[in-house]
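Engineer: Contents of data_27.pdb (PDB, C-alpha atoms and all ligand atoms) are given next:
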```pdb
ATOM      1  CA  MET T   5     162.529 -71.057  78.625  1.00  0.00           C
ATOM      2  CA  ALA T   6     164.494 -71.031  81.893  1.00  0.00           C
ATOM      3  CA  TYR T   7     164.324 -74.822  81.851  1.00  0.00           C
ATOM      4  CA  LEU T   8     165.710 -74.945  78.316  1.00  0.00           C
ATOM      5  CA  SER T   9     168.548 -72.590  79.141  1.00  0.00           C
ATOM      6  CA  ARG T  10     169.477 -74.692  82.196  1.00  0.00           C
ATOM      7  CA  LEU T  11     169.460 -77.745  79.966  1.00  0.00           C
ATOM      8  CA  ARG T  12     171.717 -75.973  77.473  1.00  0.00           C
ATOM      9  CA  GLU T  13     174.231 -75.164  80.200  1.00  0.00           C
ATOM     10  CA  LEU T  14     174.681 -78.885  80.858  1.00  0.00           C
ATOM     11  CA  VAL T  15     175.403 -79.957  77.290  1.00  0.00           C
ATOM     12  CA  PRO T  16     179.127 -80.755  76.835  1.00  0.00           C
ATOM     13  CA  THR T  17     180.610 -78.773  73.928  1.00  0.00           C
ATOM     14  CA  ALA T  18     184.077 -77.737  72.731  1.00  0.00           C
ATOM     15  CA  CYS T  19     185.281 -74.231  73.647  1.00  0.00           C
ATOM     16  CA  PRO T  20     185.032 -72.083  70.472  1.00  0.00           C
ATOM     17  CA  LEU T  21     188.566 -70.741  71.055  1.00  0.00           C
ATOM     18  CA  CYS T  22     190.747 -73.569  72.357  1.00  0.00           C
ATOM     19  CA  GLU T  23     188.467 -76.568  71.685  1.00  0.00           C
ATOM     20  CA  CYS T  24     188.932 -77.994  75.143  1.00  0.00           C
ATOM     21  CA  ALA T  25     185.943 -79.183  77.180  1.00  0.00           C
ATOM     22  CA  SER T  26     183.254 -76.618  77.826  1.00  0.00           C
ATOM     23  CA  ARG T  27     179.468 -76.506  78.265  1.00  0.00           C
ATOM     24  CA  GLY T  28     176.475 -75.118  76.426  1.00  0.00           C
ATOM     25  CA  GLY T  29     178.493 -73.587  73.572  1.00  0.00           C
ATOM     26  CA  ASP T  30     180.262 -71.183  75.944  1.00  0.00           C
ATOM     27  CA  LEU T  31     183.976 -70.453  76.199  1.00  0.00           C
ATOM     28  CA  CYS T  32     185.912 -72.545  78.691  1.00  0.00           C
ATOM     29  CA  MET T  33     186.726 -70.708  81.904  1.00  0.00           C
ATOM     30  CA  ALA T  34     190.314 -69.895  80.875  1.00  0.00           C
ATOM     31  CA  CYS T  35     189.292 -68.477  77.471  1.00  0.00           C
ATOM     32  CA  ASP T  36     186.405 -66.537  79.034  1.00  0.00           C
ATOM     33  CA  GLN T  37     188.910 -64.917  81.352  1.00  0.00           C
ATOM     34  CA  SER T  38     191.389 -64.127  78.614  1.00  0.00           C
ATOM     35  CA  VAL T  39     188.689 -62.512  76.412  1.00  0.00           C
ATOM     36  CA  MET T  40     187.479 -60.452  79.385  1.00  0.00           C
ATOM     37  CA  ARG T  41     190.975 -59.590  80.569  1.00  0.00           C
ATOM     38  CA  THR T  42     191.264 -57.051  77.728  1.00  0.00           C
ATOM     39  CA  LEU T  43     188.640 -54.957  79.516  1.00  0.00           C
ATOM     40  CA  ARG T  44     189.793 -55.371  83.063  1.00  0.00           C
ATOM     41  CA  ALA T  45     193.496 -54.851  82.435  1.00  0.00           C
ATOM     42  CA  SER T  46     193.293 -51.688  80.417  1.00  0.00           C
ATOM     43  CA  GLY T  47     192.831 -48.827  82.904  1.00  0.00           C
ATOM     44  CA  PRO T  48     190.609 -45.795  82.345  1.00  0.00           C
ATOM     45  CA  ARG T  49     188.080 -45.490  79.530  1.00  0.00           C
ATOM     46  CA  CYS T  50     186.127 -42.678  77.962  1.00  0.00           C
ATOM     47  CA  PRO T  51     182.768 -42.831  79.831  1.00  0.00           C
ATOM     48  CA  VAL T  52     180.892 -42.121  76.586  1.00  0.00           C
ATOM     49  CA  CYS T  53     182.516 -44.248  73.878  1.00  0.00           C
ATOM     50  CA  GLN T  54     184.570 -46.713  75.994  1.00  0.00           C
ATOM     51  CA  LEU T  55     187.854 -45.933  74.241  1.00  0.00           C
ATOM     52  CA  ALA T  56     190.784 -47.075  76.406  1.00  0.00           C
ATOM     53  CA  LEU T  57     192.722 -44.008  77.571  1.00  0.00           C
ATOM     54  CA  ALA T  58     195.881 -43.139  79.464  1.00  0.00           C
ATOM     55  CA  GLN T  59     193.953 -41.011  81.973  1.00  0.00           C
ATOM     56  CA  ASP T  60     190.427 -40.496  83.329  1.00  0.00           C
ATOM     57  CA  GLY T  61     187.908 -38.299  81.533  1.00  0.00           C
ATOM     58  CA  ARG T  62     186.414 -38.128  78.056  1.00  0.00           C
ATOM     59  CA  CYS T  63     188.501 -38.957  74.977  1.00  0.00           C
ATOM     60  CA  ALA T  64     189.578 -36.100  72.684  1.00  0.00           C
ATOM     61  CA  ASP T  65     186.846 -36.860  70.120  1.00  0.00           C
ATOM     62  CA  CYS T  66     184.010 -36.914  72.675  1.00  0.00           C
ATOM     63  CA  ARG T  67     185.412 -33.706  74.231  1.00  0.00           C
ATOM     64  CA  ALA T  68     185.615 -31.935  70.884  1.00  0.00           C
ATOM     65  CA  ARG T  69     182.080 -32.917  69.887  1.00  0.00           C
ATOM     66  CA  ALA T  70     179.697 -34.766  72.203  1.00  0.00           C
ATOM     67  CA  PRO T  71     178.273 -37.712  70.225  1.00  0.00           C
ATOM     68  CA  ALA T  72     174.503 -38.085  69.837  1.00  0.00           C
ATOM     69  CA  PHE T  73     174.577 -41.416  71.711  1.00  0.00           C
ATOM     70  CA  ASP T  74     174.584 -41.336  75.504  1.00  0.00           C
ATOM     71  CA  ARG T  75     176.967 -44.196  76.166  1.00  0.00           C
ATOM     72  CA  VAL T  76     178.348 -47.461  74.918  1.00  0.00           C
ATOM     73  CA  VAL T  77     178.411 -50.883  76.563  1.00  0.00           C
ATOM     74  CA  ILE T  78     180.975 -53.331  75.234  1.00  0.00           C
ATOM     75  CA  ALA T  79     181.628 -56.989  75.978  1.00  0.00           C
ATOM     76  CA  PHE T  80     185.383 -56.944  75.254  1.00  0.00           C
ATOM     77  CA  ASP T  81     188.100 -55.167  73.294  1.00  0.00           C
ATOM     78  CA  TYR T  82     188.559 -55.936  69.618  1.00  0.00           C
ATOM     79  CA  THR T  83     191.923 -57.514  70.104  1.00  0.00           C
ATOM     80  CA  GLU T  84     193.294 -60.999  70.680  1.00  0.00           C
ATOM     81  CA  PRO T  85     191.660 -63.363  71.445  1.00  0.00           C
ATOM     82  CA  GLY T  86     188.120 -61.900  71.244  1.00  0.00           C
ATOM     83  CA  ASP T  87     188.620 -60.467  67.738  1.00  0.00           C
ATOM     84  CA  PHE T  88     188.940 -64.038  66.411  1.00  0.00           C
ATOM     85  CA  LEU T  89     185.433 -64.830  67.674  1.00  0.00           C
ATOM     86  CA  VAL T  90     183.988 -61.794  65.885  1.00  0.00           C
ATOM     87  CA  HIS T  91     185.819 -62.783  62.671  1.00  0.00           C
ATOM     88  CA  ARG T  92     184.376 -66.274  62.869  1.00  0.00           C
ATOM     89  CA  LEU T  93     180.882 -65.006  63.593  1.00  0.00           C
ATOM     90  CA  LYS T  94     181.080 -62.812  60.495  1.00  0.00           C
ATOM     91  CA  SER T  95     182.482 -65.587  58.354  1.00  0.00           C
ATOM     92  CA  GLY T  96     179.477 -67.785  58.961  1.00  0.00           C
ATOM     93  CA  TYR T  97     179.673 -69.518  62.340  1.00  0.00           C
ATOM     94  CA  ARG T  98     176.625 -67.675  63.518  1.00  0.00           C
ATOM     95  CA  PHE T  99     174.630 -70.616  64.812  1.00  0.00           C
ATOM     96  CA  VAL T 100     177.258 -71.580  67.356  1.00  0.00           C
ATOM     97  CA  LEU T 101     178.838 -68.212  68.078  1.00  0.00           C
ATOM     98  CA  ALA T 102     175.995 -65.683  68.082  1.00  0.00           C
ATOM     99  CA  PRO T 103     174.281 -67.035  71.237  1.00  0.00           C
ATOM    100  CA  MET T 104     177.599 -67.302  73.096  1.00  0.00           C
ATOM    101  CA  LEU T 105     178.761 -63.807  72.093  1.00  0.00           C
ATOM    102  CA  ALA T 106     175.341 -62.409  72.987  1.00  0.00           C
ATOM    103  CA  ARG T 107     175.705 -63.987  76.442  1.00  0.00           C
ATOM    104  CA  LEU T 108     179.003 -62.109  76.911  1.00  0.00           C
ATOM    105  CA  LEU T 109     177.324 -58.861  75.872  1.00  0.00           C
ATOM    106  CA  ALA T 110     174.302 -59.604  78.080  1.00  0.00           C
ATOM    107  CA  ARG T 111     176.643 -59.912  81.027  1.00  0.00           C
ATOM    108  CA  ALA T 112     178.072 -56.426  80.329  1.00  0.00           C
ATOM    109  CA  ALA T 113     174.581 -54.994  79.734  1.00  0.00           C
ATOM    110  CA  ARG T 114     173.312 -56.335  83.068  1.00  0.00           C
ATOM    111  CA  GLN T 115     176.209 -54.656  84.855  1.00  0.00           C
ATOM    112  CA  ALA T 116     175.492 -51.418  83.005  1.00  0.00           C
ATOM    113  CA  LYS T 117     171.855 -51.505  84.230  1.00  0.00           C
ATOM    114  CA  LEU T 118     169.942 -50.430  81.134  1.00  0.00           C
ATOM    115  CA  PRO T 119     166.611 -48.662  81.728  1.00  0.00           C
ATOM    116  CA  ASP T 120     163.701 -51.165  82.085  1.00  0.00           C
ATOM    117  CA  ASN T 121     161.890 -50.045  78.952  1.00  0.00           C
ATOM    118  CA  THR T 122     164.887 -50.383  76.634  1.00  0.00           C
ATOM    119  CA  MET T 123     164.177 -51.586  73.121  1.00  0.00           C
ATOM    120  CA  LEU T 124     166.908 -53.210  71.045  1.00  0.00           C
ATOM    121  CA  ALA T 125     167.543 -52.501  67.370  1.00  0.00           C
ATOM    122  CA  PRO T 126     170.443 -53.813  65.274  1.00  0.00           C
ATOM    123  CA  VAL T 127     172.548 -51.591  63.012  1.00  0.00           C
ATOM    124  CA  PRO T 128     171.371 -52.480  59.490  1.00  0.00           C
ATOM    125  CA  ALA T 129     174.024 -54.117  57.314  1.00  0.00           C
ATOM    126  CA  ARG T 130     175.066 -53.040  53.850  1.00  0.00           C
ATOM    127  CA  ARG T 131     173.255 -54.960  51.141  1.00  0.00           C
ATOM    128  CA  ALA T 132     176.565 -56.251  49.772  1.00  0.00           C
ATOM    129  CA  GLY T 133     177.424 -57.657  53.215  1.00  0.00           C
ATOM    130  CA  ILE T 134     174.104 -59.464  53.497  1.00  0.00           C
ATOM    131  CA  LEU T 135     174.450 -60.892  49.987  1.00  0.00           C
ATOM    132  CA  GLN T 136     177.939 -62.108  50.779  1.00  0.00           C
ATOM    133  CA  ARG T 137     177.218 -63.559  54.234  1.00  0.00           C
ATOM    134  CA  GLY T 138     173.554 -64.352  53.975  1.00  0.00           C
ATOM    135  CA  PHE T 139     172.893 -62.673  57.307  1.00  0.00           C
ATOM    136  CA  ASN T 140     173.513 -59.520  59.344  1.00  0.00           C
ATOM    137  CA  PRO T 141     175.835 -60.292  62.290  1.00  0.00           C
ATOM    138  CA  ALA T 142     174.452 -57.342  64.312  1.00  0.00           C
ATOM    139  CA  ALA T 143     170.892 -58.628  63.858  1.00  0.00           C
ATOM    140  CA  GLU T 144     171.899 -62.117  65.030  1.00  0.00           C
ATOM    141  CA  ILE T 145     173.483 -60.679  68.166  1.00  0.00           C
ATOM    142  CA  ALA T 146     170.469 -58.407  68.789  1.00  0.00           C
ATOM    143  CA  ARG T 147     168.029 -61.326  68.501  1.00  0.00           C
ATOM    144  CA  HIS T 148     169.884 -63.456  71.038  1.00  0.00           C
ATOM    145  CA  LEU T 149     170.624 -60.494  73.302  1.00  0.00           C
ATOM    146  CA  ALA T 150     166.924 -59.554  73.411  1.00  0.00           C
ATOM    147  CA  ARG T 151     166.040 -63.083  74.444  1.00  0.00           C
ATOM    148  CA  GLN T 152     168.668 -63.159  77.164  1.00  0.00           C
ATOM    149  CA  LEU T 153     167.843 -59.739  78.595  1.00  0.00           C
ATOM    150  CA  ASN T 154     164.105 -60.236  78.108  1.00  0.00           C
ATOM    151  CA  LEU T 155     163.848 -56.998  76.136  1.00  0.00           C
ATOM    152  CA  PRO T 156     161.903 -56.281  72.940  1.00  0.00           C
ATOM    153  CA  CYS T 157     163.857 -56.176  69.691  1.00  0.00           C
ATOM    154  CA  GLN T 158     162.811 -54.415  66.493  1.00  0.00           C
ATOM    155  CA  PRO T 159     165.029 -55.807  63.728  1.00  0.00           C
ATOM    156  CA  ALA T 160     163.629 -53.392  61.113  1.00  0.00           C
ATOM    157  CA  LEU T 161     163.505 -50.219  63.222  1.00  0.00           C
ATOM    158  CA  LEU T 162     166.643 -48.842  61.596  1.00  0.00           C
ATOM    159  CA  ARG T 163     166.989 -48.817  57.831  1.00  0.00           C
ATOM    160  CA  ARG T 164     169.679 -47.879  55.400  1.00  0.00           C
ATOM    161  CA  VAL T 165     168.552 -45.029  53.203  1.00  0.00           C
ATOM    162  CA  HIS T 166     171.327 -45.684  50.718  1.00  0.00           C
ATOM    163  CA  GLU T 167     174.390 -47.853  50.630  1.00  0.00           C
ATOM    164  CA  GLY T 168     177.252 -45.373  51.107  1.00  0.00           C
ATOM    165  CA  ARG T 169     180.851 -46.500  50.988  1.00  0.00           C
ATOM    166  CA  ARG T 170     182.325 -49.275  53.042  1.00  0.00           C
ATOM    167  CA  GLN T 171     183.525 -47.759  56.346  1.00  0.00           C
ATOM    168  CA  ALA T 172     186.509 -50.001  57.041  1.00  0.00           C
ATOM    169  CA  GLY T 173     189.783 -48.362  56.052  1.00  0.00           C
ATOM    170  CA  LEU T 174     188.427 -44.824  55.776  1.00  0.00           C
ATOM    171  CA  PRO T 175     189.941 -42.075  57.954  1.00  0.00           C
ATOM    172  CA  ARG T 176     187.793 -40.802  60.831  1.00  0.00           C
ATOM    173  CA  ALA T 177     186.687 -37.511  59.238  1.00  0.00           C
ATOM    174  CA  GLU T 178     185.602 -39.344  56.132  1.00  0.00           C
ATOM    175  CA  ARG T 179     183.735 -41.970  58.147  1.00  0.00           C
ATOM    176  CA  MET T 180     181.807 -39.191  59.840  1.00  0.00           C
ATOM    177  CA  ARG T 181     180.785 -37.720  56.470  1.00  0.00           C
ATOM    178  CA  ASN T 182     180.094 -41.147  55.021  1.00  0.00           C
ATOM    179  CA  ALA T 183     177.869 -42.243  57.911  1.00  0.00           C
ATOM    180  CA  HIS T 184     175.875 -39.012  57.879  1.00  0.00           C
ATOM    181  CA  SER T 185     172.256 -39.562  56.824  1.00  0.00           C
ATOM    182  CA  LEU T 186     172.851 -43.161  55.720  1.00  0.00           C
ATOM    183  CA  TYR T 187     170.103 -44.311  58.079  1.00  0.00           C
ATOM    184  CA  ASP T 188     166.544 -43.613  58.985  1.00  0.00           C
ATOM    185  CA  CYS T 189     164.086 -44.837  61.580  1.00  0.00           C
ATOM    186  CA  ALA T 190     160.913 -46.715  60.622  1.00  0.00           C
ATOM    187  CA  ARG T 191     158.680 -45.086  63.243  1.00  0.00           C
ATOM    188  CA  HIS T 192     158.488 -42.636  66.131  1.00  0.00           C
ATOM    189  CA  VAL T 193     160.163 -43.855  69.285  1.00  0.00           C
ATOM    190  CA  ASP T 194     158.915 -41.137  71.658  1.00  0.00           C
ATOM    191  CA  GLY T 195     160.277 -41.536  75.163  1.00  0.00           C
ATOM    192  CA  LEU T 196     161.862 -44.921  74.462  1.00  0.00           C
ATOM    193  CA  HIS T 197     165.361 -45.924  75.450  1.00  0.00           C
ATOM    194  CA  ILE T 198     167.015 -47.591  72.470  1.00  0.00           C
ATOM    195  CA  GLY T 199     169.888 -50.063  72.645  1.00  0.00           C
ATOM    196  CA  VAL T 200     171.595 -50.057  69.239  1.00  0.00           C
ATOM    197  CA  VAL T 201     173.316 -53.402  68.719  1.00  0.00           C
ATOM    198  CA  ASP T 202     176.448 -53.820  66.610  1.00  0.00           C
ATOM    199  CA  ASP T 203     179.381 -56.211  66.381  1.00  0.00           C
ATOM    200  CA  VAL T 204     182.354 -53.819  66.348  1.00  0.00           C
ATOM    201  CA  LEU T 205     182.720 -50.160  67.293  1.00  0.00           C
ATOM    202  CA  THR T 206     185.602 -48.284  65.700  1.00  0.00           C
ATOM    203  CA  THR T 207     185.193 -44.499  65.504  1.00  0.00           C
ATOM    204  CA  GLY T 208     181.595 -44.376  66.676  1.00  0.00           C
ATOM    205  CA  SER T 209     180.570 -42.524  63.499  1.00  0.00           C
ATOM    206  CA  THR T 210     177.873 -45.070  62.601  1.00  0.00           C
ATOM    207  CA  LEU T 211     176.470 -45.038  66.125  1.00  0.00           C
ATOM    208  CA  HIS T 212     176.545 -41.230  66.200  1.00  0.00           C
ATOM    209  CA  SER T 213     174.658 -41.005  62.938  1.00  0.00           C
ATOM    210  CA  ILE T 214     172.048 -43.570  64.058  1.00  0.00           C
ATOM    211  CA  ALA T 215     171.648 -41.889  67.454  1.00  0.00           C
ATOM    212  CA  THR T 216     171.040 -38.550  65.713  1.00  0.00           C
ATOM    213  CA  VAL T 217     168.214 -40.160  63.730  1.00  0.00           C
ATOM    214  CA  LEU T 218     166.756 -41.896  66.808  1.00  0.00           C
ATOM    215  CA  LYS T 219     166.815 -38.731  68.918  1.00  0.00           C
ATOM    216  CA  GLY T 220     165.129 -36.932  66.018  1.00  0.00           C
ATOM    217  CA  ALA T 221     162.436 -39.657  66.161  1.00  0.00           C
ATOM    218  CA  GLY T 222     161.898 -38.957  69.877  1.00  0.00           C
ATOM    219  CA  ALA T 223     164.221 -41.455  71.649  1.00  0.00           C
ATOM    220  CA  ALA T 224     164.840 -40.565  75.295  1.00  0.00           C
ATOM    221  CA  SER T 225     168.296 -42.130  75.208  1.00  0.00           C
ATOM    222  CA  VAL T 226     170.508 -44.155  72.907  1.00  0.00           C
ATOM    223  CA  CYS T 227     173.013 -46.679  74.171  1.00  0.00           C
ATOM    224  CA  GLY T 228     175.358 -48.608  71.891  1.00  0.00           C
ATOM    225  CA  LEU T 229     175.498 -52.320  72.785  1.00  0.00           C
ATOM    226  CA  VAL T 230     178.576 -53.568  71.010  1.00  0.00           C
ATOM    227  CA  LEU T 231     180.454 -56.843  71.174  1.00  0.00           C
ATOM    228  CA  ALA T 232     183.907 -55.373  70.727  1.00  0.00           C
ATOM    229  CA  ARG T 233     185.599 -51.966  70.793  1.00  0.00           C
ATOM    230  CA  THR T 234     188.739 -51.314  68.743  1.00  0.00           C
ATOM    231  CA  PRO T 235     191.454 -50.099  71.137  1.00  0.00           C
ATOM    232  CA  HIS T 236     192.229 -47.007  69.034  1.00  0.00           C
ATOM    233  CA  GLY T 237     189.501 -44.997  67.330  1.00  0.00           C
TER     234      GLY T 237
HETATM  235 ZN    ZN A   1     188.963 -72.361  75.759  1.00  0.00          ZN
HETATM  236 ZN    ZN A   2     184.986 -41.000  73.778  1.00  0.00          ZN
END
```
Reformat the file's structure so that it appears as structure tokens.

Structural biologist:
Amino acid sequence: MAYLSRLRELVPTACPLCECASRGGDLCMACDQSVMRTLRASGPRCPVCQLALAQDGRCADCRARAPAFDRVVIAFDYTEPGDFLVHRLKSGYRFVLAPMLARLLARAARQAKLPDNTMLAPVPARRAGILQRGFNPAAEIARHLARQLNLPCQPALLRRVHEGRRQAGLPRAERMRNAHSLYDCARHVDGLHIGVVDDVLTTGSTLHSIATVLKGAGAASVCGLVLARTPHG
């Protein structure tokens, strides 16, 4: 496996953002830096949900009501140029982009030092999304992330109980109501640390709802592992 990944790193490819020379399907060095710059340049963040803030401390939402998840790890902000990569992943470029994006998230997860016995589980997609795309972007990221971090992944641990309404475009309060009890957990996860994998985090309502279910099923901790965080919840 290590041999194969070293071999991959040598293969000349085009950078998925600027198309200049790169290797192994990764971003070129300049694009890697500009995707990551969104994180480094933007000052303090809420320690729970990673929202960029003007000052240190928790964001207003996490202060008003502590979410059920313990923390969030993100690879980059959902803004230019990283947002383009997420768009392309979702519009079908999963074979080239999912491994590369998972490598960016793996980098952030290594820095965050997840507990050793963490198990990964993707946020289940809406049926309409799967029918339209033919795949669940979160599950693709989770699969590659698990391989890179050498952690177990349970693709069917989380299930949608019913379809609910599409979250995008709904105001925060409505998202919270909408996400409530949309999910359940396939089995007990007593004492396990769960890394819930998703592509984009907006208000955190989905992650909160899933973390509530996982804690109810015995999870010791729940960490969101998300490619990109929208700058404003
Ligand atoms: Zn590039
Ligand atoms: Zn917060």

Engineer: Nearest to Pro103 of chain T: which of T:Asp202, T:Glu23, T:Glu144, T:Glu84 is it, counting all atoms listed in the file?

Structural biologist: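 Nearest candidate to Pro103 of chain T out of T:Asp202, T:Glu23, T:Glu144, T:Glu84: T:Glu144.
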
Engineer: Atom CA of Ala106 of chain T and atom CA of Arg147 of chain T are how many Å apart?

Structural biologist: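 So the answer is 8.6 Å.
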
Engineer: Find the residues of chain T that sit at most 7 Å from ligand ZN 1 (chain A); for each, write down the nearest two atoms and how far apart they are in Å, to one decimal. Count all atoms listed in the file. Sort by chain, then by number going up, and give it as CSV.

Structural biologist:
```
residue,atom,partner,partner_atom,distance
T:Cys19,CA,A:ZN1,ZN,4.6
T:Pro20,CA,A:ZN1,ZN,6.6
T:Leu21,CA,A:ZN1,ZN,5.0
T:Cys22,CA,A:ZN1,ZN,4.0
T:Glu23,CA,A:ZN1,ZN,5.9
T:Cys24,CA,A:ZN1,ZN,5.7
T:Leu31,CA,A:ZN1,ZN,5.4
T:Cys32,CA,A:ZN1,ZN,4.2
T:Met33,CA,A:ZN1,ZN,6.7
T:Ala34,CA,A:ZN1,ZN,5.8
T:Cys35,CA,A:ZN1,ZN,4.3
```

Engineer: Give as a ChimeraX atom specification the residues that the PyMOL selection byres (((chain T and resi 56-65) around 10) and not hetatm) matches when applied to the coordinates above.

Structural biologist: /T:43,46-55,66-71,81,207-208,233-237

Engineer: Could you check how far atom CA of Ala190 of chain T sits from atom CA of Leu161 of chain T, in Å to one decimal?

Structural biologist: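 Answer for the atom CA of Ala190 of chain T to atom CA of Leu161 of chain T separation: 5.1 Å.
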
Engineer: Restricting the calculation to only C-alpha atoms and all ligand atoms, which member of T:Phe80, T:Tyr187, T:Tyr7, T:Phe73 is positioned closest to ligand ZN 2 (chain A)?

Structural biologist: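 Distance minimum relative to ligand ZN 2 (chain A) lands on T:Phe73.
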
Engineer: Take the point (171.6, -57.9, 74.1) in the file's coordinates, draw a sphere of radius 6 Å around it, and report as a list in words every protein, DNA or RNA residue with an atom inside or on it, counting only C-alpha atoms.

Structural biologist: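 Within 6 Å of (171.6, -57.9, 74.1), the protein and nucleic acid residues are Ala106, Ala110, Ala146, Leu149 and Ala150 of chain T.
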